[in-house]
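The structure file entry_10.pdb is reproduced below (PDB, C-alpha atoms).
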```pdb
ATOM      1  CA  MET A 834     202.033  93.222  99.736
ATOM      2  CA  LEU A 835     202.190  89.740  98.259
ATOM      3  CA  LYS A 836     205.604  90.058  96.708
ATOM      4  CA  ASN A 837     207.156  90.305 100.155
ATOM      5  CA  PRO A 838     207.770  86.617 101.036
ATOM      6  CA  GLN A 839     207.697  87.249 104.817
ATOM      7  CA  HIS A 840     204.146  88.699 104.680
ATOM      8  CA  PRO A 841     201.928  86.693 107.095
ATOM      9  CA  LYS A 842     199.084  86.367 104.578
ATOM     10  CA  LYS A 843     201.422  85.128 101.836
ATOM     11  CA  GLY A 844     200.366  81.488 102.086
ATOM     12  CA  ASN A 845     196.686  81.470 102.834
ATOM     13  CA  LEU A 846     195.115  84.361 100.942
ATOM     14  CA  ARG A 847     192.048  82.771  99.351
ATOM     15  CA  ASN A 848     189.019  84.867  98.408
ATOM     16  CA  LYS A 849     185.855  83.642 100.056
ATOM     17  CA  GLU A 850     183.062  82.831  97.584
ATOM     18  CA  CYS A 851     179.421  83.705  98.199
ATOM     19  CA  LYS A 852     177.493  80.803  99.728
ATOM     20  CA  PHE A 853     174.184  81.939  98.206
ATOM     21  CA  SER A 854     175.316  82.317  94.610
ATOM     22  CA  LYS A 855     177.129  78.992  94.864
ATOM     23  CA  ALA A 856     173.864  77.348  95.966
ATOM     24  CA  GLY A 857     171.808  79.298  93.438
ATOM     25  CA  VAL A 858     169.408  80.826  95.940
ATOM     26  CA  ILE A 859     166.636  82.997  94.443
ATOM     27  CA  TYR A 860     165.140  84.576  97.588
ATOM     28  CA  ILE A 861     166.396  84.425 101.164
ATOM     29  CA  ASP A 862     163.421  83.556 103.318
ATOM     30  CA  TYR A 863     163.194  85.081 106.773
ATOM     31  CA  LYS A 864     161.768  81.872 108.169
ATOM     32  CA  ASP A 865     164.769  79.545 107.867
ATOM     33  CA  VAL A 866     166.444  80.902 110.945
ATOM     34  CA  LYS A 867     169.084  78.178 110.930
ATOM     35  CA  THR A 868     170.728  79.545 107.790
ATOM     36  CA  LEU A 869     170.366  83.147 108.905
ATOM     37  CA  GLN A 870     172.018  82.417 112.221
ATOM     38  CA  ARG A 871     175.138  81.334 110.376
ATOM     39  CA  PHE A 872     175.522  84.968 109.267
ATOM     40  CA  THR A 873     175.283  86.560 112.708
ATOM     41  CA  ASN A 874     177.938  86.493 115.424
ATOM     42  CA  ASP A 875     177.352  85.279 118.950
ATOM     43  CA  GLN A 876     176.096  88.725 119.981
ATOM     44  CA  GLY A 877     173.385  88.510 117.329
ATOM     45  CA  LYS A 878     175.001  91.115 115.078
ATOM     46  CA  ILE A 879     174.966  90.669 111.296
ATOM     47  CA  LEU A 880     178.408  89.707 109.978
ATOM     48  CA  PRO A 881     179.872  92.113 107.372
ATOM     49  CA  ARG A 882     180.476  91.046 103.762
ATOM     50  CA  ARG A 883     184.253  91.186 104.122
ATOM     51  CA  VAL A 884     184.004  88.430 106.742
ATOM     52  CA  THR A 885     181.436  86.156 105.100
ATOM     53  CA  GLY A 886     182.298  86.945 101.486
ATOM     54  CA  THR A 887     178.653  87.174 100.416
ATOM     55  CA  SER A 888     177.940  89.191  97.277
ATOM     56  CA  ALA A 889     176.185  92.545  97.604
ATOM     57  CA  ARG A 890     172.854  91.426  96.165
ATOM     58  CA  TYR A 891     172.502  88.599  98.673
ATOM     59  CA  GLN A 892     173.823  90.681 101.573
ATOM     60  CA  ARG A 893     170.949  93.119 101.034
ATOM     61  CA  GLN A 894     168.410  90.290 100.971
ATOM     62  CA  LEU A 895     170.120  88.743 103.993
ATOM     63  CA  THR A 896     169.872  91.890 106.140
ATOM     64  CA  LYS A 897     166.234  92.360 105.166
ATOM     65  CA  ALA A 898     165.436  88.743 106.094
ATOM     66  CA  ILE A 899     167.309  88.965 109.412
ATOM     67  CA  LYS A 900     165.548  92.194 110.355
ATOM     68  CA  ARG A 901     162.166  90.650 109.562
ATOM     69  CA  ALA A 902     163.029  87.593 111.679
ATOM     70  CA  ARG A 903     164.071  89.892 114.515
ATOM     71  CA  HIS A 904     160.797  91.790 114.261
ATOM     72  CA  LEU A 905     158.886  88.532 114.717
ATOM     73  CA  GLY A 906     160.972  87.489 117.700
ATOM     74  CA  MET A 907     162.611  84.605 115.851
ATOM     75  CA  MET A 908     166.098  86.110 116.030
ATOM     76  CA  PRO A 909     167.635  88.192 118.828
ATOM     77  CA  PHE A 910     168.419  91.891 118.501
ATOM     78  CA  VAL A 911     171.094  91.526 121.163
ATOM     79  CA  ALA A 912     172.043  88.019 122.184
ATOM     80  CA  GLU A 913     173.437  88.389 125.689
ATOM     81  CA  ASN A 914     176.108  85.649 125.807
ATOM     82  CA  LEU A 915     176.204  84.110 129.272
ATOM     83  CA  ARG A 916     179.370  85.471 130.847
TER      84      ARG A 916
ATOM     85  CA  MET B 491     139.796  93.867  91.524
ATOM     86  CA  LYS B 492     143.488  93.057  91.118
ATOM     87  CA  LYS B 493     144.648  90.113  93.251
ATOM     88  CA  ASN B 494     148.120  89.578  94.683
ATOM     89  CA  TYR B 495     149.861  86.698  96.410
ATOM     90  CA  TYR B 496     150.567  87.481 100.053
ATOM     91  CA  GLU B 497     152.326  85.791 102.946
ATOM     92  CA  LEU B 498     151.135  86.681 106.428
ATOM     93  CA  THR B 499     152.760  85.693 109.703
ATOM     94  CA  PHE B 500     151.216  86.767 112.961
ATOM     95  CA  ILE B 501     151.719  85.954 116.633
ATOM     96  CA  VAL B 502     148.779  85.350 118.953
ATOM     97  CA  ASN B 503     149.162  85.967 122.669
ATOM     98  CA  ALA B 504     149.986  82.580 124.218
ATOM     99  CA  VAL B 505     148.693  83.488 127.696
ATOM    100  CA  LEU B 506     145.120  82.936 126.508
ATOM    101  CA  ASP B 507     143.726  79.431 126.747
ATOM    102  CA  GLU B 508     143.464  77.078 123.796
ATOM    103  CA  GLU B 509     139.961  78.008 122.619
ATOM    104  CA  GLN B 510     140.638  81.754 122.561
ATOM    105  CA  ILE B 511     143.761  81.240 120.488
ATOM    106  CA  LYS B 512     141.871  79.034 118.038
ATOM    107  CA  ALA B 513     139.023  81.568 117.992
ATOM    108  CA  SER B 514     141.229  84.519 117.123
ATOM    109  CA  VAL B 515     143.031  82.513 114.424
ATOM    110  CA  GLN B 516     139.654  81.460 113.038
ATOM    111  CA  LYS B 517     138.440  85.068 113.160
ATOM    112  CA  TYR B 518     141.195  86.160 110.801
ATOM    113  CA  LYS B 519     140.737  83.148 108.545
ATOM    114  CA  ASP B 520     137.075  84.093 108.116
ATOM    115  CA  PHE B 521     137.945  87.782 107.763
ATOM    116  CA  ILE B 522     140.228  87.000 104.819
ATOM    117  CA  THR B 523     137.931  84.512 103.104
ATOM    118  CA  ASN B 524     134.916  86.843 103.437
ATOM    119  CA  GLY B 525     137.032  89.577 101.916
ATOM    120  CA  GLY B 526     137.359  87.498  98.755
ATOM    121  CA  ALA B 527     140.708  85.806  99.282
ATOM    122  CA  GLU B 528     141.596  82.159  98.667
ATOM    123  CA  ILE B 529     143.816  80.788 101.375
ATOM    124  CA  GLU B 530     146.393  78.504  99.827
ATOM    125  CA  GLU B 531     148.078  77.196 102.929
ATOM    126  CA  ILE B 532     147.900  77.865 106.677
ATOM    127  CA  ASP B 533     150.724  76.531 108.787
ATOM    128  CA  GLU B 534     150.399  76.952 112.561
ATOM    129  CA  TRP B 535     153.780  76.592 114.274
ATOM    130  CA  GLY B 536     152.175  76.488 117.710
ATOM    131  CA  ILE B 537     153.632  78.105 120.793
ATOM    132  CA  GLN B 538     157.245  79.126 120.244
ATOM    133  CA  ARG B 539     159.604  80.905 122.595
ATOM    134  CA  PHE B 540     160.697  84.439 121.660
ATOM    135  CA  THR B 541     164.395  85.296 121.604
ATOM    136  CA  TYR B 542     163.625  88.487 123.565
ATOM    137  CA  GLU B 543     160.864  89.648 125.847
ATOM    138  CA  MET B 544     157.988  91.148 123.868
ATOM    139  CA  ASP B 545     155.782  93.412 126.031
ATOM    140  CA  GLY B 546     156.120  91.123 129.005
ATOM    141  CA  LYS B 547     155.702  87.802 127.241
ATOM    142  CA  ASN B 548     158.272  85.168 126.372
ATOM    143  CA  SER B 549     156.343  82.966 123.977
ATOM    144  CA  GLY B 550     153.623  83.264 121.373
ATOM    145  CA  TYR B 551     151.412  81.211 119.080
ATOM    146  CA  TYR B 552     152.763  81.636 115.543
ATOM    147  CA  VAL B 553     150.524  81.361 112.470
ATOM    148  CA  ASN B 554     151.890  81.516 108.928
ATOM    149  CA  ALA B 555     149.525  81.822 105.957
ATOM    150  CA  PHE B 556     149.840  82.066 102.172
ATOM    151  CA  PHE B 557     146.889  83.430 100.216
ATOM    152  CA  THR B 558     145.885  85.429  97.170
ATOM    153  CA  ALA B 559     143.785  88.440  98.115
ATOM    154  CA  PRO B 560     142.338  91.547  96.483
ATOM    155  CA  VAL B 561     144.491  94.592  96.885
ATOM    156  CA  ASP B 562     142.362  96.581  99.324
ATOM    157  CA  LEU B 563     141.799  93.716 101.782
ATOM    158  CA  ILE B 564     145.281  93.920 103.315
ATOM    159  CA  ALA B 565     144.872  97.420 104.733
ATOM    160  CA  LYS B 566     141.585  96.478 106.378
ATOM    161  CA  MET B 567     143.035  93.290 107.818
ATOM    162  CA  GLU B 568     146.057  95.081 109.239
ATOM    163  CA  ARG B 569     143.842  97.717 110.820
ATOM    164  CA  GLN B 570     141.909  94.929 112.515
ATOM    165  CA  MET B 571     145.126  93.401 113.775
ATOM    166  CA  LEU B 572     146.351  96.711 115.158
ATOM    167  CA  ILE B 573     143.148  97.176 117.154
ATOM    168  CA  ASP B 574     143.017  93.555 118.319
ATOM    169  CA  ASP B 575     145.156  93.260 121.438
ATOM    170  CA  ASN B 576     145.394  89.447 121.232
ATOM    171  CA  ILE B 577     147.716  89.819 118.250
ATOM    172  CA  LEU B 578     151.216  90.728 119.387
ATOM    173  CA  ARG B 579     152.960  91.136 116.027
ATOM    174  CA  PHE B 580     152.173  90.574 112.368
ATOM    175  CA  LEU B 581     154.115  90.755 109.105
ATOM    176  CA  THR B 582     152.492  90.809 105.665
ATOM    177  CA  LEU B 583     154.587  90.348 102.520
ATOM    178  CA  LYS B 584     153.519  90.807  98.928
ATOM    179  CA  TYR B 585     155.190  88.162  96.793
ATOM    180  CA  ASP B 586     156.879  89.420  93.613
ATOM    181  CA  ASN B 587     158.047  87.173  90.767
ATOM    182  CA  LYS B 588     161.309  86.163  92.422
ATOM    183  CA  MET B 589     159.562  85.193  95.652
ATOM    184  CA  LEU B 590     156.840  83.379  93.683
ATOM    185  CA  HIS B 591     159.530  81.350  91.918
ATOM    186  CA  HIS B 592     161.015  80.574  95.337
ATOM    187  CA  ARG B 593     157.564  79.572  96.582
ATOM    188  CA  ASP B 594     157.076  77.132  93.666
ATOM    189  CA  LEU B 595     160.422  75.527  94.392
ATOM    190  CA  GLN B 596     159.479  75.313  98.043
ATOM    191  CA  LYS B 597     156.248  73.546  97.195
ATOM    192  CA  LYS B 598     158.080  71.093  94.975
ATOM    193  CA  GLY B 599     160.651  70.648  97.705
ATOM    194  CA  LYS B 600     163.597  71.462  95.450
ATOM    195  CA  LEU B 601     164.954  74.432  97.399
ATOM    196  CA  PRO B 602     168.709  75.063  96.951
ATOM    197  CA  VAL B 603     170.505  74.088 100.155
ATOM    198  CA  VAL B 604     172.956  76.723 101.347
ATOM    199  CA  PHE B 605     174.543  74.723 104.152
ATOM    200  CA  GLU B 606     174.487  70.946 104.235
ATOM    201  CA  PRO B 607     173.518  69.984 107.801
ATOM    202  CA  ARG B 608     176.772  69.286 109.592
ATOM    203  CA  GLU B 609     177.295  65.928 111.348
ATOM    204  CA  LYS B 610     176.297  67.237 114.757
ATOM    205  CA  GLU B 611     173.231  69.050 113.348
ATOM    206  CA  ALA B 612     172.334  66.041 111.205
ATOM    207  CA  ALA B 613     172.574  63.926 114.343
ATOM    208  CA  GLU B 614     170.141  66.275 116.116
ATOM    209  CA  GLU B 615     167.698  66.299 113.216
ATOM    210  CA  SER B 616     167.705  62.555 112.543
TER     211      SER B 616
END
```

Final structure tokens representation of the file:
Amino acid sequence: MLKNPQHPKKGNLRNKECKFSKAGVIYIDYKDVKTLQRFTNDQGKILPRRVTGTSARYQRQLTKAIKRARHLGMMPFVAENLR
Amino acid sequence: MKKNYYELTFIVNAVLDEEQIKASVQKYKDFITNGGAEIEEIDEWGIQRFTYEMDGKNSGYYVNAFFTAPVDLIAKMERQMLIDDNILRFLTLKYDNKMLHHRDLQKKGKLPVVFEPREKEAAEES
């Protein structure tokens, strides 16, 4: 794929690094909704690892934290974006 | 009796007036302390809006508490909360070593920052 010079991704193929391991996070708390919201799209869905580049360990903690925040009404299950 | 470190967050029905909310929060504080727990910190966030409608209500009085309690107290407390219809939702977490380490950092205020607040967010906060 990359040997072909005309390939669209030729120039900008950089692997995304995990935000949590870069910051050295130990436990993702379900209360800091501001950080968690950065990992959900505008419909309130959790973004997949291939988009955010988070490592597996933190993605598991992240989904658990988001689901706890949703249970307590701090994060939406379905965010209806105002059409 | 073995003791563990727990975090409890529960939501009191905001439709009640001020005294009833304080009374039900106080009821659970006493329930825990009588059961032999030491409450380390209670942080009441006050009335917050929900992101979705929860059995007909759009806001609730949030209470967040950290305490060490004997093992069998949690089941009794949760049973009380299930029966009590002033409490909309509750979430109890047992803290393991990783979360305890996180809690110590939080107390010392040296939590790792994942996202620096961007200019527009920093402007809102400051």

Which residues of chain B have any atom within 6 Å of an atom in chain A when counting all atoms listed in the file, and what is the closest pair of atoms for each, with the distance in Å to one decimal? Order the rows by chain and rising number and write it as a Markdown table.
```
| residue | atom | partner | partner_atom | distance |
| --- | --- | --- | --- | --- |
| B:Phe540 | CA | A:Gly906 | CA | 5.0 |
| B:Thr541 | CA | A:Pro909 | CA | 5.2 |
| B:Met589 | CA | A:Tyr860 | CA | 5.9 |
| B:Pro602 | CA | A:Ala856 | CA | 5.7 |
| B:Val604 | CA | A:Ala856 | CA | 5.5 |
```

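Between atom CA of Ser549 of chain B and atom CA of Gln510 of chain B the interatomic distance comes to 15.8 Å.
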
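The result of the PyMOL selection byres ((chain B and resi 537) around 9) on the shown file is Val502, Ala504, Glu534, Trp535, Gly536, Gln538, Arg539, Ser549, Gly550, Tyr551 and Tyr552 of chain B.
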
### Task
Compile the contact shell of Arg883 of chain A as a count of residues only: residues with an atom at most 10 Å away, counting all atoms listed in the file, same-chain residues fewer than 5 positions apart removed.
3

### Coordinates-based distance that separates atom CA of Ile522 of chain B from atom CA of Leu563 of chain B (Å, one decimal)
7.5 Å

### Task
Could you check which of B:Glu528, B:Glu508, B:Glu497, B:Asp520 is closest to Thr582 of chain B, using all atoms listed in the file?
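Smallest separation from Thr582 of chain B among the options: B:Glu497.
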
### Task
Determine the residue set returned by the PyMOL selection byres ((chain A and resi 896) around 10) for the present structure, and present it as a VMD selection string.
chain A and resid 861 863 869 872 879 to 880 891 to 895 897 to 902

### Message
For the provided coordinates, the residues matched by the PyMOL selection byres ((chain B and resi 587) around 12) should be stated as a ChimeraX atom specification.
### Response
/A:859-860 /B:494-496,584-586,588-594

Got time to write the residues from that selection, C-alpha atoms, as a tab-separated table (two decimals), in the frame of the given file?
```tsv
chain	number	residue	atom	x	y	z
A	859	ILE	CA	166.64	83.00	94.44
A	860	TYR	CA	165.14	84.58	97.59
B	494	ASN	CA	148.12	89.58	94.68
B	495	TYR	CA	149.86	86.70	96.41
B	496	TYR	CA	150.57	87.48	100.05
B	584	LYS	CA	153.52	90.81	98.93
B	585	TYR	CA	155.19	88.16	96.79
B	586	ASP	CA	156.88	89.42	93.61
B	588	LYS	CA	161.31	86.16	92.42
B	589	MET	CA	159.56	85.19	95.65
B	590	LEU	CA	156.84	83.38	93.68
B	591	HIS	CA	159.53	81.35	91.92
B	592	HIS	CA	161.01	80.57	95.34
B	593	ARG	CA	157.56	79.57	96.58
B	594	ASP	CA	157.08	77.13	93.67
```

### Task
Give the answer as one residue: which of B:Lys600, B:Ile573, B:Met491, B:Leu578 has the shortest atom-to-atom distance to Glu543 of chain B, using all atoms listed in the file?
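Going through B:Lys600, B:Ile573, B:Met491, B:Leu578 one by one, the smallest distance to Glu543 of chain B is for B:Leu578.
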
### Query
Using all atoms listed in the file, which residue out of B:Leu572, B:Leu601, B:Ile577, B:Met567 lies closest to Phe521 of chain B?
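Under the stated criterion, the closest residue is B:Met567.
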
### Task
Would you mind telling me which residue in B:Asp545, B:Gly525, B:Gln596, B:Ile532 lies nearest to Ala565 of chain B when using all atoms listed in the file?
B:Gly525

### Message
One number please: atom CA of Gly599 of chain B to atom CA of Glu531 of chain B, in Å, one decimal.
### Response
15.1 Å
